[in-house]
Amino acid sequence: MRKAVAFTGPSNSGKTTLIEKISNKIISTYKIAIIKNDPSDKAKFDTQGKDSYKFYNTGAEVVVTSPKRTTYFSHKQKSLDEIVDMINDFDYLLVEGLKYLPLPRIAIFRNEIDESYFPYIKAVAIDDTIDKNLIPKEIKILDLNNVDEVINWVLNNAKEI
């Protein structure tokens with residue numbers, strides 16, 4: 001069984017923090033994989049002068065392996081299926097961003113709602129800065145500060161992939 005669910009929302013809404021809390025809480029029971037979208041391509045994974053940095057700058061696909069980790073640096077954007085095939089060994093995949101992927105999705109809102117997310121989501125995780133009456137009735141409302149409630153939704157709504 002491999003299942004996936006996605007998290008979306010405006011910058012600084014708390015997506016990473018929520019995914020981190022969920023992963024920390026269920027990692028002892030389930031194998032967890034996480035994909036983070038970096039739409040503005042600003043993440044840096046290696047430092048200038050290191051061998052892997054030099055290898056990557058040649059334009060090659062680079063894998064760095066050690067006794068405790070394997071890191072893959074690619075110049076090609078990968079589809080969800082390609083990434084799932086690479087990771088392969090997980091029970092739950094938590095995806096941050098990529099709002100157009102056809103996955104059950106939770107939007108995270110704090111301070112204000114962005115209604116443009118509504119067509120893509122099944123649930124919202126909000127705190128008390130959001131008026132619940134502004135959320136359409138067909139969207140499940142979750143308490144952003146109740147990780148167990150969000151985990152329960154994830155376990156019951158994640159899509160088999």
# chains A, B, ... in the order shown; residues from 1 in each chain; ligands from 1

call {"tool": "closest_atom_pairs", "arguments": {"of": "stretch 75-113 of chain A", "to": "stretch 25-28 of chain A", "cutoff": "12 Å", "atoms": "only C-alpha atoms", "output": "CSV"}}
result
residue,atom,partner,partner_atom,distance
A:Phe90,CA,A:Ile27,CA,10.3
A:Asp91,CA,A:Ile27,CA,9.8
A:Tyr92,CA,A:Ile27,CA,9.5
A:Leu93,CA,A:Ile27,CA,11.4
A:Leu94,CA,A:Ile26,CA,11.7

call {"tool": "select_by_dssp", "arguments": {"residues": "stretch 108-140 of chain A", "states": "strand (DSSP E or B)", "output": "PyMOL selection string"}}
result
chain A and resi 108-109+123-126+140

call {"tool": "closest_residue", "arguments": {"among": "A:Asn152, A:Asn37, A:Ser79, A:Thr47", "to": "A:Ala6", "atoms": "only C-alpha atoms"}}
result
A:Asn37

call {"tool": "residues_around", "arguments": {"residues": "A:Glu20", "least_positions_apart": "3", "cutoff": "12 Å", "atoms": "only C-alpha atoms", "output": "list in words"}}
result
Phe7, Gly14, Lys15, Thr16, Thr17, Ser23, Asn24, Lys25, Ile26, Ile27, Ile32, Ala33, Ile34, Ile35, Lys36, Leu94, Val95, Glu96, Val147 and Ile151 of chain A

call {"tool": "write_last_selection", "arguments": {"atoms": "C-alpha atoms", "output": "compact mmCIF listing (two decimals), in the first residue's frame"}}
result
# COMPACT_ATOMS: atom_id res chain seq x y z
CA PHE A 7 -0.60 20.16 1.25
CA GLY A 14 2.68 26.71 7.84
CA LYS A 15 2.81 23.90 5.25
CA THR A 16 6.33 22.78 6.09
CA THR A 17 5.71 22.94 9.84
CA SER A 23 5.94 13.02 9.74
CA ASN A 24 7.50 13.14 13.21
CA LYS A 25 4.35 11.68 14.74
CA ILE A 26 3.70 8.79 12.31
CA ILE A 27 7.23 7.88 11.15
CA ILE A 32 7.11 8.31 5.05
CA ALA A 33 8.35 10.07 1.92
CA ILE A 34 8.07 13.81 1.35
CA ILE A 35 8.19 15.80 -1.88
CA LYS A 36 8.61 19.56 -1.63
CA LEU A 94 3.33 13.83 1.75
CA VAL A 95 3.55 16.38 -1.06
CA GLU A 96 4.08 20.07 -0.35
CA VAL A 147 -1.96 17.44 14.53
CA ILE A 151 -3.25 12.92 10.73

call {"tool": "select_by_dssp", "arguments": {"residues": "chain A", "states": "helix (DSSP H, G or I)", "output": "ChimeraX atom specification"}}
result
/A:15-26,51-56,80-87,115-120,132-134,147-157

call {"tool": "atom_distance", "arguments": {"atom1": "atom CA of A:Lys99", "atom2": "atom CA of A:Thr29"}}
result
27.2 Å

call {"tool": "residues_around", "arguments": {"residues": "stretch 125-138 of chain A", "least_positions_apart": "5", "cutoff": "9 Å", "atoms": "only C-alpha atoms", "output": "PyMOL selection string"}}
result
chain A and resi 106-113+115+118+143-145+150

call {"tool": "write_last_selection", "arguments": {"atoms": "all heavy atoms", "output": "CSV table (one decimal), in the first residue's frame"}}
result
chain,number,residue,atom,x,y,z
A,106,ILE,N,-5.0,19.2,1.3
A,106,ILE,CA,-5.3,20.1,2.4
A,106,ILE,C,-4.7,21.5,2.2
A,106,ILE,O,-3.5,21.5,1.9
A,106,ILE,CB,-4.8,19.6,3.8
A,106,ILE,CG1,-5.4,18.2,4.1
A,106,ILE,CG2,-5.0,20.6,4.9
A,106,ILE,CD1,-4.7,17.5,5.3
A,107,ALA,N,-5.4,22.5,2.3
A,107,ALA,CA,-4.9,23.9,2.2
A,107,ALA,C,-4.7,24.4,3.6
A,107,ALA,O,-5.5,24.1,4.5
A,107,ALA,CB,-5.8,24.8,1.4
A,108,ILE,N,-3.6,25.1,3.8
A,108,ILE,CA,-3.3,25.6,5.1
A,108,ILE,C,-3.4,27.2,5.0
A,108,ILE,O,-2.8,27.8,4.1
A,108,ILE,CB,-1.8,25.3,5.6
A,108,ILE,CG1,-1.7,23.8,5.9
A,108,ILE,CG2,-1.5,26.1,6.8
A,108,ILE,CD1,-1.4,22.9,4.7
A,109,PHE,N,-4.3,27.7,5.8
A,109,PHE,CA,-4.5,29.2,5.8
A,109,PHE,C,-4.3,29.7,7.2
A,109,PHE,O,-4.9,29.1,8.2
A,109,PHE,CB,-5.9,29.5,5.3
A,109,PHE,CG,-6.2,29.1,3.9
A,109,PHE,CD1,-7.3,28.3,3.6
A,109,PHE,CD2,-5.4,29.6,2.9
A,109,PHE,CE1,-7.6,28.0,2.3
A,109,PHE,CE2,-5.7,29.2,1.6
A,109,PHE,CZ,-6.8,28.4,1.3
A,110,ARG,N,-3.6,30.8,7.3
A,110,ARG,CA,-3.5,31.6,8.6
A,110,ARG,C,-3.7,33.0,8.2
A,110,ARG,O,-3.1,33.5,7.2
A,110,ARG,CB,-2.2,31.4,9.3
A,110,ARG,CG,-2.1,30.0,9.9
A,110,ARG,CD,-0.8,29.8,10.7
A,110,ARG,NE,0.4,30.2,9.9
A,110,ARG,CZ,1.5,30.6,10.3
A,110,ARG,NH1,1.7,30.9,11.6
A,110,ARG,NH2,2.5,30.9,9.5
A,111,ASN,N,-4.4,33.8,9.0
A,111,ASN,CA,-4.7,35.2,8.8
A,111,ASN,C,-5.6,35.6,7.6
A,111,ASN,O,-6.4,36.5,7.8
A,111,ASN,CB,-3.3,36.0,8.7
A,111,ASN,CG,-2.5,35.8,9.9
A,111,ASN,OD1,-3.0,35.9,11.0
A,111,ASN,ND2,-1.2,35.5,9.8
A,112,GLU,N,-5.4,34.9,6.5
A,112,GLU,CA,-6.4,35.2,5.4
A,112,GLU,C,-6.5,33.9,4.5
A,112,GLU,O,-5.7,33.1,4.5
A,112,GLU,CB,-5.9,36.4,4.6
A,112,GLU,CG,-4.6,36.1,3.8
A,112,GLU,CD,-4.1,37.4,3.0
A,112,GLU,OE1,-5.0,38.3,2.8
A,112,GLU,OE2,-3.0,37.4,2.7
A,113,ILE,N,-7.6,33.9,3.8
A,113,ILE,CA,-8.0,32.8,2.9
A,113,ILE,C,-7.7,33.2,1.5
A,113,ILE,O,-8.0,34.4,1.1
A,113,ILE,CB,-9.5,32.4,3.0
A,113,ILE,CG1,-9.8,31.9,4.4
A,113,ILE,CG2,-9.9,31.5,1.9
A,113,ILE,CD1,-11.2,31.6,4.7
A,115,GLU,N,-9.1,32.1,-1.9
A,115,GLU,CA,-10.2,31.3,-2.5
A,115,GLU,C,-9.7,30.6,-3.7
A,115,GLU,O,-10.4,29.6,-4.2
A,115,GLU,CB,-11.4,32.2,-2.7
A,115,GLU,CG,-12.0,32.7,-1.4
A,115,GLU,CD,-13.3,33.5,-1.7
A,115,GLU,OE1,-13.7,33.7,-2.8
A,115,GLU,OE2,-13.8,34.1,-0.7
A,118,PHE,N,-9.6,26.8,-3.5
A,118,PHE,CA,-10.8,26.0,-3.2
A,118,PHE,C,-11.1,24.9,-4.2
A,118,PHE,O,-11.5,23.8,-3.9
A,118,PHE,CB,-12.1,26.9,-3.0
A,118,PHE,CG,-12.1,27.7,-1.7
A,118,PHE,CD1,-13.0,28.7,-1.6
A,118,PHE,CD2,-11.2,27.4,-0.7
A,118,PHE,CE1,-13.0,29.4,-0.4
A,118,PHE,CE2,-11.2,28.1,0.5
A,118,PHE,CZ,-12.2,29.1,0.6
A,143,ASP,N,-8.4,21.6,12.4
A,143,ASP,CA,-7.7,22.5,13.3
A,143,ASP,C,-6.2,22.4,13.1
A,143,ASP,O,-5.6,21.4,13.3
A,143,ASP,CB,-8.1,22.2,14.8
A,143,ASP,CG,-7.4,23.1,15.8
A,143,ASP,OD1,-6.5,23.9,15.4
A,143,ASP,OD2,-7.7,23.0,17.0
A,144,LEU,N,-5.6,23.5,12.6
A,144,LEU,CA,-4.2,23.5,12.2
A,144,LEU,C,-3.4,23.2,13.4
A,144,LEU,O,-2.3,22.6,13.3
A,144,LEU,CB,-3.8,24.9,11.7
A,144,LEU,CG,-2.4,25.2,11.3
A,144,LEU,CD1,-1.9,24.2,10.2
A,144,LEU,CD2,-2.2,26.6,10.8
A,145,ASN,N,-3.8,23.5,14.6
A,145,ASN,CA,-3.1,23.2,15.8
A,145,ASN,C,-3.3,21.8,16.5
A,145,ASN,O,-2.8,21.5,17.5
A,145,ASN,CB,-3.3,24.3,16.9
A,145,ASN,CG,-2.8,25.7,16.3
A,145,ASN,OD1,-1.7,25.8,15.9
A,145,ASN,ND2,-3.7,26.6,16.4
A,150,VAL,N,-5.5,16.3,12.0
A,150,VAL,CA,-5.0,16.3,10.6
A,150,VAL,C,-4.5,14.9,10.2
A,150,VAL,O,-4.8,14.5,9.1
A,150,VAL,CB,-3.9,17.4,10.4
A,150,VAL,CG1,-3.4,17.4,9.0
A,150,VAL,CG2,-4.5,18.8,10.8

call {"tool": "atom_distance", "arguments": {"atom1": "atom CA of A:Val63", "atom2": "atom CA of A:Ile19"}}
result
25.8 Å

call {"tool": "residues_around", "arguments": {"residues": "A:Val62", "least_positions_apart": "4", "cutoff": "8 Å", "atoms": "only C-alpha atoms", "output": "count of residues only"}}
result
6

call {"tool": "atom_distance", "arguments": {"atom1": "atom CA of A:Lys68", "atom2": "atom CA of A:Arg2"}}
result
23.6 Å
